[in-house]
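Only one structure is covered here, and it is reproduced in the block below.
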Amino acid sequence: MFRRRPRHPGVRTADATARGGFGASTPPLELRSISATYREKGATFAALEGVSLSVNDGEVVALIGPSGCGKSTLLDVVAGLLIPDAGEVRIRGRPLVAAERLGASAYMRQRDLLLPWRTALGNAALALEVDGTPKRRAMELAGERFPAFGLEGFEDAYPAQLSGGMRQRVAFLRTALAGRPLLLLDEPFGALDALTRAEMQAWLLALLEGGRVAVLLVTHDVEEAVLLADRVIVLTRRPGRVTHEEAVRLTRPRRRTQVMEPAFLRHKAAILEVLGLLDGDTV
């Protein structure tokens with residue numbers, strides 16, 4: 001059953017600890033030696049090998065690595081959409097099989113996946129309806145969050161009438177309204193142009209600062225990873241293995257202007273060096 005949360009511009013959960021108290025309680029997510037394969041055109045490929053990591057309350061962890069290294073596969077494993085070949089997924093300390101993990105997290109993919117026949121408000125309310133909230137009440141609860149998400153005045157707009165950035169805000173609101181303690185974000189701004197992407201990064205920063213939810217973020221953009229995350233985990237080429245973990249020592253609240261600070265550039269350079277890329281910021 002959906003539990004109504006306090007009105008707040010950020011994304012929050014009822015049992016979360018304050019940001020900075022990482023490890024104060026059992027982590028929302030622990031992955032232990034996850035290995036996974038996938039099939040393509042009749043062949044089997046190793047996607048992940050022995051991946052272990054955790055995400056704590058109030059923490060944003062970014063995954064970055066070469067294309068095809070298993071980043072999205074790992075999110076599918078966490079969400080319960082894919083059964084790993086080996087390893088264990090723990091949610092709040094409990095080892096859960098794939099079927100038990102379905103619905104334990106809120107998953108936002110790169111494509112917004114908005115339903116074209118539903119308005120922005122109707123799309124945002126969908127997560128609550130799926131959880132069993134009556135449609136009228138779901139619409140009321142979703143509407144209350146529209147101002148905080150920069151969507152006020154667009155309640156009756158259909159997806160085709162919205163910009164890419166606005167569509168992503170609706171998709172993110174739908175994800176947040178699911179009320180899960182763990183958010184899985186798979187390249188949420190990857191399909192946007194550079195200017196809209198920068199705007200949405202700043203918007204997401206402000207939104208996450210107000211909440212205490214745990215976030216596992218997949219990105220190809222090193223700068224985005226350093227700007228948004230508390231830790232950046234770098235995966236090797238396929239099969240993906242953890243090759244580096246960068247603890248991001250930047251003050252919060254984060255600001256877009258920090259991308260020019262020496263500390264930011266040091267973090268970025270360290271990650272690019274591990275990736276073997278010191279002349280670009282995407283992989």
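Residue numbering restarts at 1 for every chain of the structure tokens, chains are lettered A, B, ... in their displayed order, and ligands are numbered from 1 as they appear.
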
Exercise. What lies within 6 Å of Arg32 of chain A using only C-alpha atoms, ignoring chain neighbours under 2 positions off, as a ChimeraX atom specification?
Worked result: /A:34,52,87-88

Problem set entry | Filtered DSSP result for segment 26-237 of chain A, state strand (DSSP E or B), as a ChimeraX atom specification | /A:29-40,43-55,60-64,86-91,94-95,106-108,182-186,214-218,221,231-235

What are the closest atom pairs, with distances in Å to one decimal, for all residues of segment 175-246 of chain A lying within 12 Å of segment 267-273 of chain A? Consider only C-alpha atoms, order rows by chain and residue number, and present the result as a Markdown table.
```
| residue | atom | partner | partner_atom | distance |
| --- | --- | --- | --- | --- |
| A:His220 | CA | A:Leu272 | CA | 11.5 |
| A:Asp221 | CA | A:Lys268 | CA | 10.1 |
| A:Val222 | CA | A:Lys268 | CA | 6.5 |
| A:Glu223 | CA | A:Lys268 | CA | 6.5 |
| A:Glu224 | CA | A:Lys268 | CA | 9.7 |
| A:Ala225 | CA | A:Lys268 | CA | 8.8 |
| A:Val226 | CA | A:Lys268 | CA | 6.7 |
| A:Leu227 | CA | A:Lys268 | CA | 9.5 |
| A:Ala229 | CA | A:His267 | CA | 11.3 |
| A:Asp230 | CA | A:His267 | CA | 11.3 |
| A:Arg231 | CA | A:His267 | CA | 10.3 |
| A:Val232 | CA | A:Ile271 | CA | 8.3 |
| A:Ile233 | CA | A:Ile271 | CA | 9.0 |
| A:Val234 | CA | A:Ile271 | CA | 7.5 |
| A:Leu235 | CA | A:Ile271 | CA | 10.6 |
| A:Thr236 | CA | A:Ile271 | CA | 11.9 |
| A:Thr243 | CA | A:Ile271 | CA | 10.4 |
| A:His244 | CA | A:Ile271 | CA | 8.1 |
| A:Glu245 | CA | A:Ile271 | CA | 8.7 |
| A:Glu246 | CA | A:His267 | CA | 7.3 |
```

May I have the selected residues written with N, CA and C atoms, as a PDB file, in the first residue's frame?
```pdb
ATOM      1  N   HIS A 220      27.484   7.665 -18.913  1.00  0.00           N
ATOM      2  CA  HIS A 220      28.684   7.586 -19.741  1.00  0.00           C
ATOM      3  C   HIS A 220      29.527   8.852 -19.590  1.00  0.00           C
ATOM      4  N   ASP A 221      29.050   9.808 -18.824  1.00  0.00           N
ATOM      5  CA  ASP A 221      29.656  11.126 -18.744  1.00  0.00           C
ATOM      6  C   ASP A 221      30.417  11.268 -17.420  1.00  0.00           C
ATOM      7  N   VAL A 222      31.731  11.367 -17.485  1.00  0.00           N
ATOM      8  CA  VAL A 222      32.553  11.455 -16.277  1.00  0.00           C
ATOM      9  C   VAL A 222      32.211  12.715 -15.481  1.00  0.00           C
ATOM     10  N   GLU A 223      32.023  13.821 -16.170  1.00  0.00           N
ATOM     11  CA  GLU A 223      31.706  15.072 -15.475  1.00  0.00           C
ATOM     12  C   GLU A 223      30.382  14.954 -14.736  1.00  0.00           C
ATOM     13  N   GLU A 224      29.393  14.350 -15.363  1.00  0.00           N
ATOM     14  CA  GLU A 224      28.100  14.147 -14.716  1.00  0.00           C
ATOM     15  C   GLU A 224      28.249  13.256 -13.485  1.00  0.00           C
ATOM     16  N   ALA A 225      29.054  12.209 -13.601  1.00  0.00           N
ATOM     17  CA  ALA A 225      29.256  11.294 -12.482  1.00  0.00           C
ATOM     18  C   ALA A 225      29.862  12.018 -11.288  1.00  0.00           C
ATOM     19  N   VAL A 226      30.902  12.817 -11.520  1.00  0.00           N
ATOM     20  CA  VAL A 226      31.561  13.525 -10.418  1.00  0.00           C
ATOM     21  C   VAL A 226      30.639  14.586  -9.824  1.00  0.00           C
ATOM     22  N   LEU A 227      29.885  15.266 -10.671  1.00  0.00           N
ATOM     23  CA  LEU A 227      29.005  16.327 -10.199  1.00  0.00           C
ATOM     24  C   LEU A 227      27.883  15.791  -9.317  1.00  0.00           C
ATOM     25  N   ALA A 229      27.558  12.478  -7.910  1.00  0.00           N
ATOM     26  CA  ALA A 229      27.741  11.327  -7.027  1.00  0.00           C
ATOM     27  C   ALA A 229      28.603  11.610  -5.807  1.00  0.00           C
ATOM     28  N   ASP A 230      28.404  10.772  -4.791  1.00  0.00           N
ATOM     29  CA  ASP A 230      29.279  10.732  -3.619  1.00  0.00           C
ATOM     30  C   ASP A 230      30.432   9.761  -3.856  1.00  0.00           C
ATOM     31  N   ARG A 231      30.174   8.720  -4.643  1.00  0.00           N
ATOM     32  CA  ARG A 231      31.206   7.785  -5.063  1.00  0.00           C
ATOM     33  C   ARG A 231      30.994   7.440  -6.523  1.00  0.00           C
ATOM     34  N   VAL A 232      32.085   7.266  -7.248  1.00  0.00           N
ATOM     35  CA  VAL A 232      32.031   6.846  -8.647  1.00  0.00           C
ATOM     36  C   VAL A 232      32.740   5.503  -8.748  1.00  0.00           C
ATOM     37  N   ILE A 233      32.035   4.501  -9.264  1.00  0.00           N
ATOM     38  CA  ILE A 233      32.593   3.161  -9.425  1.00  0.00           C
ATOM     39  C   ILE A 233      32.844   2.923 -10.903  1.00  0.00           C
ATOM     40  N   VAL A 234      34.084   2.597 -11.245  1.00  0.00           N
ATOM     41  CA  VAL A 234      34.490   2.400 -12.635  1.00  0.00           C
ATOM     42  C   VAL A 234      34.550   0.907 -12.936  1.00  0.00           C
ATOM     43  N   LEU A 235      33.905   0.516 -14.034  1.00  0.00           N
ATOM     44  CA  LEU A 235      33.923  -0.874 -14.478  1.00  0.00           C
ATOM     45  C   LEU A 235      34.868  -1.035 -15.666  1.00  0.00           C
ATOM     46  N   THR A 236      35.435  -2.227 -15.784  1.00  0.00           N
ATOM     47  CA  THR A 236      36.305  -2.548 -16.911  1.00  0.00           C
ATOM     48  C   THR A 236      35.464  -2.857 -18.148  1.00  0.00           C
ATOM     49  N   THR A 243      37.045  -1.839 -11.151  1.00  0.00           N
ATOM     50  CA  THR A 243      38.482  -1.606 -11.247  1.00  0.00           C
ATOM     51  C   THR A 243      38.935  -0.395 -10.435  1.00  0.00           C
ATOM     52  N   HIS A 244      37.980   0.471 -10.040  1.00  0.00           N
ATOM     53  CA  HIS A 244      38.351   1.678  -9.296  1.00  0.00           C
ATOM     54  C   HIS A 244      37.117   2.238  -8.610  1.00  0.00           C
ATOM     55  N   GLU A 245      37.324   2.779  -7.419  1.00  0.00           N
ATOM     56  CA  GLU A 245      36.255   3.488  -6.706  1.00  0.00           C
ATOM     57  C   GLU A 245      36.785   4.851  -6.290  1.00  0.00           C
ATOM     58  N   GLU A 246      36.123   5.894  -6.746  1.00  0.00           N
ATOM     59  CA  GLU A 246      36.534   7.267  -6.470  1.00  0.00           C
ATOM     60  C   GLU A 246      35.554   7.904  -5.486  1.00  0.00           C
TER      61      GLU A 246
END
```

Exercise. Leaving out Ala194 of chain A and any residue of its chain fewer than 5 positions from it, which residues lie within 12 Å of it when counting only C-alpha atoms, given as a list in words?
Worked result: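 Those residues are Gly164, Gly165, Phe189, Glu199, Met200, Gln201, Asp221 and Glu224 of chain A.
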
Selected residues written out with N, CA and C atoms, as a PDB file, in the first residue's frame:
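Contents of selection-v3.pdb, freshly written:
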```pdb
ATOM      1  N   GLY A 164      11.941  17.685 -24.295  1.00  0.00           N
ATOM      2  CA  GLY A 164      12.636  16.520 -23.762  1.00  0.00           C
ATOM      3  C   GLY A 164      12.894  16.638 -22.276  1.00  0.00           C
ATOM      4  N   GLY A 165      13.303  17.820 -21.827  1.00  0.00           N
ATOM      5  CA  GLY A 165      13.562  18.023 -20.411  1.00  0.00           C
ATOM      6  C   GLY A 165      12.310  17.894 -19.566  1.00  0.00           C
ATOM      7  N   PHE A 189      19.597  11.398 -18.533  1.00  0.00           N
ATOM      8  CA  PHE A 189      19.655  12.577 -19.399  1.00  0.00           C
ATOM      9  C   PHE A 189      20.457  12.309 -20.673  1.00  0.00           C
ATOM     10  N   GLU A 199      21.025  21.701 -17.658  1.00  0.00           N
ATOM     11  CA  GLU A 199      19.904  22.222 -16.874  1.00  0.00           C
ATOM     12  C   GLU A 199      19.296  21.128 -16.003  1.00  0.00           C
ATOM     13  N   MET A 200      19.129  19.934 -16.577  1.00  0.00           N
ATOM     14  CA  MET A 200      18.520  18.841 -15.842  1.00  0.00           C
ATOM     15  C   MET A 200      19.443  18.312 -14.746  1.00  0.00           C
ATOM     16  N   GLN A 201      20.743  18.345 -14.984  1.00  0.00           N
ATOM     17  CA  GLN A 201      21.687  17.948 -13.930  1.00  0.00           C
ATOM     18  C   GLN A 201      21.563  18.872 -12.726  1.00  0.00           C
ATOM     19  N   ASP A 221      29.050   9.808 -18.824  1.00  0.00           N
ATOM     20  CA  ASP A 221      29.656  11.126 -18.744  1.00  0.00           C
ATOM     21  C   ASP A 221      30.417  11.268 -17.420  1.00  0.00           C
ATOM     22  N   GLU A 224      29.393  14.350 -15.363  1.00  0.00           N
ATOM     23  CA  GLU A 224      28.100  14.147 -14.716  1.00  0.00           C
ATOM     24  C   GLU A 224      28.249  13.256 -13.485  1.00  0.00           C
TER      25      GLU A 224
END
```

Exercise. For Pro66 of chain A, which of A:Leu205, A:Leu185, A:Ala247, A:Ala47 is the closest residue, counting only C-alpha atoms?
Worked result: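 With only C-alpha atoms as the atom set, the closest residue is A:Ala47.
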
For this session: Could you check how far atom CA of Pro253 of chain A sits from atom CA of Arg212 of chain A, in Å to one decimal?
Result: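 About the pair atom CA of Pro253 of chain A and atom CA of Arg212 of chain A: they are 13.3 Å apart.
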
Restrict the calculation to only C-alpha atoms, then for each residue of segment 93-144 of chain A with any atom at most 10 Å from an atom of segment 72-77 of chain A give the closest atom pair and their distance in Å to one decimal, rows by chain and rising residue number, as a tab-separated table.
```
residue	atom	partner	partner_atom	distance
A:Val97	CA	A:Val77	CA	9.8
A:Ala98	CA	A:Val77	CA	7.4
A:Arg101	CA	A:Val77	CA	8.9
A:Leu102	CA	A:Val77	CA	9.9
A:Tyr107	CA	A:Leu75	CA	8.2
A:Met108	CA	A:Leu75	CA	10.0
A:Arg109	CA	A:Ser72	CA	9.0
```

Exercise. Hey, which of A:Gly150, A:Gly190, A:Gly143, A:Pro239 ends up closest to Ala206 of chain A? Count only C-alpha atoms.
Worked result: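 Ranking A:Gly150, A:Gly190, A:Gly143, A:Pro239 by distance to Ala206 of chain A, first place goes to A:Gly150.
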
For this session: Write out as a ChimeraX atom specification all residues of segment 80-272 of chain A that backbone DSSP assigns to alpha helix (DSSP H).
Result: /A:98-101,120-130,135-145,164-177,194-209,222-228,262-272

Problem set entry | Straight-line distance linking atom CA of Leu216 of chain A with atom CA of Ala160 of chain A, stated in Å to one decimal |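 A separation of 29.0 Å between them.
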
Exercise. Interatomic distance between atom CA of Tyr158 of chain A and atom CA of Ala171 of chain A?
Worked result: 12.7 Å

Problem set entry | Residue among A:Pro147, A:Gly80, A:Pro116, A:Gly68 lying closest to Phe45 of chain A, counting only C-alpha atoms |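 Of A:Pro147, A:Gly80, A:Pro116, A:Gly68, the one nearest Phe45 of chain A, counting only C-alpha atoms, is A:Gly68.
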
Exercise. Between A:Arg145, A:Arg136, A:Arg237, A:Arg92, which one has atoms that come closest to Ala214 of chain A, using only C-alpha atoms?
Worked result: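 Counting only C-alpha atoms, the residue closest to Ala214 of chain A is A:Arg92.
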
Exercise. Out of A:Asp85, A:Val170, A:Phe154, A:Ala125, which residue has the shortest atom-to-atom distance to Arg111 of chain A when counting only C-alpha atoms?
Worked result: A:Val170

Contacts of Ala99 of chain A at 12 Å (only C-alpha atoms; same-chain gap of 4+ positions) as a PDB file with C-alpha atoms, in the first residue's frame:
```
ATOM      1  CA  VAL A  77      19.793  -7.472 -11.884  1.00  0.00           C
ATOM      2  CA  VAL A  78      19.118  -5.119  -8.961  1.00  0.00           C
ATOM      3  CA  ALA A  79      15.574  -4.455 -10.183  1.00  0.00           C
ATOM      4  CA  GLY A  80      14.838  -8.190 -10.412  1.00  0.00           C
ATOM      5  CA  LEU A  81      14.430  -8.158 -14.193  1.00  0.00           C
ATOM      6  CA  LEU A  82      17.456 -10.390 -14.749  1.00  0.00           C
ATOM      7  CA  ILE A  83      18.674 -13.408 -12.795  1.00  0.00           C
ATOM      8  CA  VAL A  89      21.697  -9.109  -4.028  1.00  0.00           C
ATOM      9  CA  PRO A  95      19.324 -11.683   0.328  1.00  0.00           C
ATOM     10  CA  GLY A 103       9.125  -3.512  -6.882  1.00  0.00           C
ATOM     11  CA  ALA A 104      11.807  -3.096  -4.206  1.00  0.00           C
TER      12      ALA A 104
END
```
